[in-house]
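Q: Contents of final_19.cif (mmCIF, C-alpha atoms) are below:
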```cif
data_model
#
loop_
_atom_site.label_atom_id
_atom_site.label_comp_id
_atom_site.auth_asym_id
_atom_site.auth_seq_id
_atom_site.Cartn_x
_atom_site.Cartn_y
_atom_site.Cartn_z
CA ILE A 279 214.62 160.54 217.99
CA VAL A 280 214.76 160.42 214.20
CA LEU A 281 213.02 157.36 212.73
CA VAL A 282 213.86 156.14 209.22
CA THR A 283 212.69 152.99 207.43
CA ALA A 284 214.02 151.38 204.26
CA ASN A 285 212.84 148.84 201.70
CA SER A 286 216.27 147.58 200.63
CA ALA A 287 219.85 147.32 201.81
CA SER A 288 221.01 150.02 199.37
CA GLU A 289 218.26 152.41 200.51
CA GLN A 290 219.21 151.82 204.13
CA ALA A 291 222.89 152.49 203.39
CA ASN A 292 221.95 155.75 201.66
CA ASP A 293 219.75 156.70 204.62
CA LEU A 294 222.73 156.25 206.93
CA GLU A 295 224.82 158.63 204.84
CA ASP A 296 222.04 161.22 204.94
CA LEU A 297 221.54 160.87 208.70
CA VAL A 298 225.24 161.43 209.36
CA ALA A 299 225.35 164.40 207.01
CA ILE A 300 222.22 166.11 208.33
CA HIS A 301 222.10 165.31 212.04
CA ASN A 302 224.64 165.63 214.84
CA MET A 303 224.03 162.06 215.96
CA ASP A 304 224.91 160.74 219.40
CA ALA A 305 223.66 157.21 218.79
CA LEU A 306 222.40 154.89 216.09
CA VAL A 307 219.98 151.98 216.58
CA ILE A 308 219.80 149.90 213.42
CA LEU A 309 218.26 146.65 212.30
CA PRO A 310 220.36 145.90 209.19
CA PHE A 311 218.34 144.99 206.12
CA GLU A 312 221.12 142.55 205.25
CA SER A 313 224.35 141.84 207.09
CA ALA A 314 227.08 142.23 204.46
CA PRO A 315 225.87 145.36 202.60
CA LEU A 316 225.36 147.29 205.86
CA THR A 317 228.64 146.37 207.55
CA GLY A 318 230.69 149.06 205.79
CA PRO A 319 228.12 151.85 206.22
CA VAL A 320 227.68 151.11 209.93
CA ARG A 321 231.46 150.94 210.38
CA ASN A 322 231.69 154.42 208.85
CA VAL A 323 229.13 155.69 211.36
CA LYS A 324 231.08 154.16 214.26
CA ARG A 325 234.29 155.86 213.09
CA ARG A 326 232.61 159.17 213.90
CA ASP A 327 232.50 158.13 217.56
CA ILE A 328 228.75 157.53 217.43
CA PHE A 329 227.30 154.95 219.86
CA VAL A 330 225.96 152.05 217.77
CA THR A 331 223.33 149.47 218.72
CA VAL A 332 222.68 146.71 216.20
CA VAL A 333 219.41 144.80 216.41
CA ASP A 334 218.51 141.32 215.19
CA ARG A 335 220.60 140.88 212.04
CA GLY A 336 224.25 141.02 213.02
CA LEU A 337 226.92 142.62 210.88
CA SER A 338 229.40 140.53 208.91
CA GLU A 339 232.31 141.88 210.96
CA GLU A 340 232.49 141.54 214.73
CA GLY A 341 233.31 144.35 217.11
CA ILE A 342 231.83 147.32 215.25
CA GLU A 343 228.76 147.89 217.41
CA ASP A 344 228.72 148.83 221.10
CA VAL A 345 225.55 146.85 221.83
CA TYR A 346 223.91 143.93 220.05
CA VAL A 347 220.30 143.01 220.86
CA ALA A 348 218.73 139.92 219.33
CA GLY A 349 216.69 136.85 219.93
CA ASN A 350 218.56 133.64 220.54
CA ASN A 351 218.80 132.45 216.96
CA SER A 352 220.68 129.25 217.72
CA GLU A 353 218.11 128.39 220.39
CA MET A 354 215.28 129.20 217.99
CA GLY A 355 216.65 126.68 215.51
CA ARG A 356 217.40 124.12 218.20
CA VAL A 357 213.92 124.35 219.78
CA SER A 358 212.29 124.00 216.35
CA GLY A 359 214.44 120.99 215.47
CA GLU A 360 213.84 119.27 218.78
CA TYR A 361 210.07 119.71 218.47
CA ILE A 362 209.96 118.34 214.92
CA LYS A 363 212.20 115.42 215.87
CA GLU A 364 210.00 114.54 218.84
CA ALA A 365 206.71 115.05 216.98
CA LEU A 366 207.85 112.73 214.18
CA GLY A 367 209.26 110.13 216.54
CA GLY A 368 212.77 110.69 215.24
CA ASN A 369 212.00 109.73 211.64
CA GLY A 370 210.51 111.56 208.66
CA ASP A 371 211.00 113.66 205.56
CA ILE A 372 210.97 117.44 205.96
CA VAL A 373 211.63 120.62 203.98
CA VAL A 374 213.20 123.82 205.27
CA LEU A 375 212.47 127.39 204.20
CA ARG A 376 215.34 129.62 205.30
CA GLY A 377 215.41 133.42 205.62
CA MET A 378 218.08 135.21 203.62
CA PRO A 379 221.89 135.02 203.60
CA THR A 380 222.59 136.67 206.98
CA THR A 381 224.34 135.66 210.17
CA ILE A 382 221.06 135.05 212.01
CA ASP A 383 219.83 132.69 209.31
CA GLU A 384 223.06 130.74 209.60
CA GLN A 385 222.71 130.57 213.39
CA ARG A 386 219.11 129.36 213.15
CA PHE A 387 219.88 126.80 210.47
CA ASP A 388 222.97 125.46 212.26
CA GLY A 389 221.01 125.18 215.52
CA PHE A 390 218.22 123.31 213.77
CA MET A 391 220.55 120.90 211.98
CA SER A 392 222.45 120.15 215.19
CA ALA A 393 219.13 119.32 216.93
CA ILE A 394 218.16 116.69 214.34
CA GLU A 395 221.68 115.33 213.86
CA GLY A 396 221.85 111.59 214.43
CA SER A 397 218.09 111.11 214.02
CA GLY A 398 216.18 109.66 211.12
CA ILE A 399 214.94 113.09 210.03
CA ASN A 400 215.75 113.60 206.35
CA VAL A 401 215.92 117.17 205.01
CA LEU A 402 214.68 116.82 201.43
CA ASP A 403 215.75 120.37 200.51
CA HIS A 404 216.28 123.81 201.99
CA GLN A 405 215.77 127.08 200.11
CA TYR A 406 215.76 130.78 200.98
CA ALA A 407 212.33 132.42 201.25
CA ASN A 408 213.60 135.84 202.36
CA TRP A 409 211.36 136.04 205.45
CA ASN A 410 208.56 136.88 203.04
CA ARG A 411 205.12 135.27 202.73
CA ASP A 412 205.01 135.56 198.92
CA ASP A 413 208.39 133.85 198.62
CA GLY A 414 207.28 131.31 201.20
CA PHE A 415 204.28 130.50 199.01
CA THR A 416 206.44 130.16 195.88
CA VAL A 417 209.15 128.02 197.50
CA MET A 418 206.59 125.75 199.15
CA GLN A 419 204.74 125.31 195.86
CA ASP A 420 208.00 124.08 194.36
CA PHE A 421 208.60 121.68 197.26
CA LEU A 422 205.06 120.30 196.99
CA SER A 423 205.45 119.70 193.26
CA ARG A 424 208.75 117.86 193.72
CA PHE A 425 208.13 115.81 196.86
CA SER A 426 205.14 113.49 197.14
CA LYS A 427 205.80 112.86 200.84
CA ILE A 428 206.52 115.70 203.27
CA ASP A 429 205.94 115.06 206.95
CA ALA A 430 206.82 118.49 208.33
CA VAL A 431 207.94 121.95 207.29
CA TRP A 432 210.32 124.20 209.19
CA ALA A 433 209.38 127.66 207.92
CA GLN A 434 211.74 129.41 210.39
CA ASP A 435 209.65 132.61 210.32
CA ASP A 436 205.94 133.34 210.72
CA ASP A 437 205.72 135.50 207.59
CA ILE A 438 207.15 132.59 205.59
CA ALA A 439 204.74 130.26 207.41
CA ILE A 440 201.70 132.24 206.20
CA GLY A 441 202.81 131.67 202.60
CA VAL A 442 203.49 128.00 203.31
CA ILE A 443 200.00 127.56 204.78
CA GLN A 444 198.45 129.05 201.63
CA ALA A 445 200.46 126.77 199.35
CA VAL A 446 199.71 123.65 201.40
CA ARG A 447 195.98 124.37 201.55
CA GLN A 448 195.88 125.16 197.83
CA ALA A 449 197.49 121.78 197.14
CA ARG A 450 195.05 120.14 199.60
CA ARG A 451 197.88 118.47 201.49
CA GLN A 452 197.16 119.99 204.91
CA ASP A 453 196.28 116.59 206.39
CA GLU A 454 199.69 115.04 205.74
CA LEU A 455 202.09 117.49 207.40
CA PHE A 456 202.55 120.22 210.00
CA ILE A 457 204.39 123.56 209.95
CA VAL A 458 206.70 125.12 212.53
CA GLY A 459 207.31 128.86 212.10
CA GLY A 460 208.86 131.38 214.43
CA GLY A 461 208.49 134.91 215.69
CA GLY A 462 205.30 135.12 217.73
CA MET A 463 203.05 136.68 215.06
CA LYS A 464 199.57 137.09 216.53
CA ASP A 465 197.89 135.26 213.62
CA ILE A 466 200.07 132.18 214.15
CA VAL A 467 199.78 132.31 217.95
CA ARG A 468 196.00 132.48 217.55
CA ARG A 469 196.12 129.32 215.42
CA VAL A 470 198.18 127.59 218.11
CA MET A 471 195.68 128.69 220.78
CA ASP A 472 192.84 127.28 218.69
CA GLY A 473 194.56 123.90 218.33
CA ASP A 474 195.14 124.15 214.57
CA ARG A 475 196.67 120.85 213.51
CA LEU A 476 198.62 122.48 210.66
CA THR A 477 200.41 124.90 213.03
CA PRO A 478 200.53 123.11 216.40
CA VAL A 479 203.35 125.29 217.81
CA ASP A 480 205.38 128.42 217.22
CA VAL A 481 208.82 129.48 218.49
CA LEU A 482 209.18 132.96 219.95
CA TYR A 483 211.56 135.51 218.48
CA PRO A 484 210.60 138.57 220.55
CA PRO A 485 209.01 141.19 218.24
CA SER A 486 209.56 143.85 220.91
CA MET A 487 213.37 143.61 220.81
CA ILE A 488 213.67 146.93 218.94
CA SER A 489 212.10 148.70 221.94
CA THR A 490 214.56 146.90 224.23
CA ALA A 491 217.41 148.15 222.02
CA MET A 492 216.14 151.74 222.09
CA GLU A 493 215.71 151.65 225.87
CA LEU A 494 219.23 150.30 226.41
CA THR A 495 220.66 152.95 224.09
CA ALA A 496 218.82 155.73 225.93
CA LEU A 497 220.14 154.41 229.25
CA ARG A 498 223.65 154.89 227.91
CA PHE A 499 223.03 158.66 228.01
CA ILE A 500 220.79 159.12 231.06
CA SER A 501 222.31 156.76 233.63
CA ASP A 502 225.64 155.63 235.01
CA THR A 503 224.88 152.01 234.12
CA PRO A 504 227.51 150.62 231.74
CA ILE A 505 225.77 149.66 228.51
CA GLU A 506 227.78 147.41 226.22
CA GLY A 507 227.97 143.86 224.92
CA GLU A 508 225.26 141.43 223.85
CA TYR A 509 221.68 141.21 225.09
CA ILE A 510 220.21 137.92 223.88
CA LEU A 511 216.50 137.25 224.46
CA GLY A 512 215.07 133.74 224.84
CA SER A 513 213.15 131.66 222.27
CA PRO A 514 210.70 129.41 224.14
CA LEU A 515 208.31 126.99 222.45
CA ILE A 516 204.76 128.33 222.17
CA ASP A 517 202.17 125.55 222.38
CA GLN A 518 198.48 125.38 223.15
CA ASP A 519 199.14 125.34 226.90
CA ASN A 520 201.04 128.65 227.04
CA ALA A 521 199.99 130.44 223.81
CA GLU A 522 197.61 132.82 225.57
CA GLN A 523 200.47 134.60 227.38
CA TYR A 524 202.12 135.35 224.00
CA TYR A 525 198.94 136.52 222.24
CA PHE A 526 198.57 140.28 221.82
CA PRO A 527 195.57 140.97 219.54
CA GLU A 528 196.28 144.72 219.28
CA SER A 529 199.87 144.18 218.12
CA PRO A 530 200.68 145.21 214.52
CA PHE A 531 202.60 141.91 214.16
#
```
In structure tokens, write the structure found in this file.
A:
Amino acid sequence: IVLVTANSASEQANDLEDLVAIHNMDALVILPFESAPLTGPVRNVKRRDIFVTVVDRGLSEEGIEDVYVAGNNSEMGRVSGEYIKEALGGNGDIVVLRGMPTTIDEQRFDGFMSAIEGSGINVLDHQYANWNRDDGFTVMQDFLSRFSKIDAVWAQDDDIAIGVIQAVRQARRQDELFIVGGGGMKDIVRRVMDGDRLTPVDVLYPPSMISTAMELTALRFISDTPIEGEYILGSPLIDQDNAEQYYFPESPF
């Protein structure tokens, strides 16, 4: 196993070129930094008859990879939307912090919007926060300065949620809204366990999916089990009643 990490889409694309040039690869497991910039490079890898498993962020073109492993992004958005709709009694003003322009962001956002469709929930604005806590802080600061009434925040991702929490507390508006993130980050799950009013729930997006993808890829070479297609993991609501089973204090995430 050769493990490579990247800090940008261009760096990841360059890493792919190097891996193909240096190693006689049998398989590639990749979590694309962004969908569009990595579609061509991954397609080039596949053309060399290399088994390809794509994780989490899908490519912009269908049918390139042999296996796709991801959380259920549409369900993640739907579960978040249904919780916010129910918690607000079907009426209220909310803001949305999206991830970045990728297929999974679109799936989450579309699932969320379909869940609140027909209700009295008004989305004041939605902006990309790049699944990043610093960007989450900056975007939420902007929302707080522009909107005097915000009933709830869909942060979509727990890293974004950490930045949102900081901005809300700095503005001293934590008593007027609540935040729904996603991912299962131990810090957020701990808040849910403790009954934090600001983060009453979280929505799981299994952090361990990369290990699932590696295991499935290995099975392709050591067993007769056919390994192909999509493996979509569930996104249940994490609340105070079940948070303990999703809390792993030794986890790096």
Q: Using only C-alpha atoms, can you list as a list in words the residues within 9 Å of (212.3, 136.3, 219.6)?
A: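 The distance filter leaves exactly Ala348, Gly349, Asn350, Asn351, Met354, Gly460, Gly461, Gly462, Val481, Leu482, Tyr483, Pro484, Pro485, Ser486, Met487, Leu511, Gly512, Ser513 and Pro514 of chain A.
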Q: Restricting the calculation to only C-alpha atoms: of A:Leu337, A:Glu353, A:Phe329, A:Pro379, which residue gets closest to Leu497 of chain A?
A: A:Phe329
Q: Using the chain letters and numbers from the file, give me the residues hit by the PyMOL selection byres ((chain A and resi 431) around 8), as a PyMOL selection string.
A: chain A and resi 372-375+428-430+432-433+455-458
Q: Rank nothing, just name the residue among A:Gln518, A:Phe421, A:Asp383, A:Asp480 nearest to Asp403 of chain A, using only C-alpha atoms.
A: A:Phe421
Q: Could you check the closest approach to Thr380 of chain A for each of A:Asp412, A:Glu506, A:Glu312, A:Asp420 and tell me which residue wins, using all atoms listed in the file?
A: A:Glu312
Q: To one decimal place in Å, what is the distance between atom CA of Ser338 of chain A and atom CA of Phe531 of chain A?
A: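 Interatomic distance, atom CA of Ser338 of chain A to atom CA of Phe531 of chain A: 27.3 Å.
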Q: Measuring between all atoms listed in the file, which one of A:Ala491, A:Met418, A:Leu402, A:Met391 shows the shortest distance to Ala445 of chain A?
A: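 When distances to Ala445 of chain A are compared using all atoms listed in the file, the smallest one comes from A:Met418.
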Q: Give me, please, the distance in Å between atom CA of Ile443 of chain A and atom CA of Ala284 of chain A, quoted to one decimal.
A: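 Pair atom CA of Ile443 of chain A / atom CA of Ala284 of chain A returns 27.6 Å.
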Q: Quick one: residues within 9 Å of Ile440 of chain A, all atoms listed in the file, excluding same-chain residues fewer than 6 positions away - as a count of residues only?
A: 8
Q: Find, counting all atoms listed in the file, the residue in A:Ile279, A:Ile510, A:Val470, A:Leu297 that gets nearest to Thr490 of chain A.
A: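 Looking only at the distances to Thr490 of chain A, the closest residue turns out to be A:Ile510.
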Q: Find the distance between atom CA of Arg326 of chain A and atom CA of Val298 of chain A and write it in Å to one decimal.
A: 8.9 Å
Q: List as a ChimeraX atom specification: which residues have an atom within 10 Å of (214.2, 158.0, 213.2), counting all atoms listed in the file?
A: /A:279-283,297,306-308
Q: Kindly export the residues of the current selection with C-alpha atoms, as an mmCIF file, in the frame of the given file.
A:
```cif
data_model
loop_
_atom_site.group_PDB
_atom_site.id
_atom_site.type_symbol
_atom_site.label_atom_id
_atom_site.label_comp_id
_atom_site.auth_asym_id
_atom_site.auth_seq_id
_atom_site.Cartn_x
_atom_site.Cartn_y
_atom_site.Cartn_z
ATOM 1 C CA ILE A 279 214.620 160.540 217.990
ATOM 2 C CA VAL A 280 214.760 160.420 214.200
ATOM 3 C CA LEU A 281 213.020 157.360 212.730
ATOM 4 C CA VAL A 282 213.860 156.140 209.220
ATOM 5 C CA THR A 283 212.690 152.990 207.430
ATOM 6 C CA LEU A 297 221.540 160.870 208.700
ATOM 7 C CA LEU A 306 222.400 154.890 216.090
ATOM 8 C CA VAL A 307 219.980 151.980 216.580
ATOM 9 C CA ILE A 308 219.800 149.900 213.420
#
```
Q: May I ask which of the residues A:Leu515, A:Ile394, A:Leu309, A:Ala407 is the closest one to Gln434 of chain A, counting only C-alpha atoms?
A: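 Checking each candidate against Gln434 of chain A, we get A:Ala407 as the closest.
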Q: For Tyr361 of chain A, find every residue with an atom within 9 Å (counting only C-alpha atoms), except residues of its own chain fewer than 4 positions away, and show them as an MDAnalysis selection string.
A: chainID A and resid 356:357 365:366 458 479 515
Q: Give me the result of the PyMOL selection byres ((chain A and resi 508) around 10) on this file, residue by residue, as a PyMOL selection string.
A: chain A and resi 331-332+343-348+505-507+509-511
Q: As a check of understanding, name the residues that the PyMOL selection byres ((chain A and resi 321-323) around 9) selects in the supplied structure, as an MDAnalysis selection string.
A: chainID A and resid 294:295 298 306 316:320 324:330 342:343
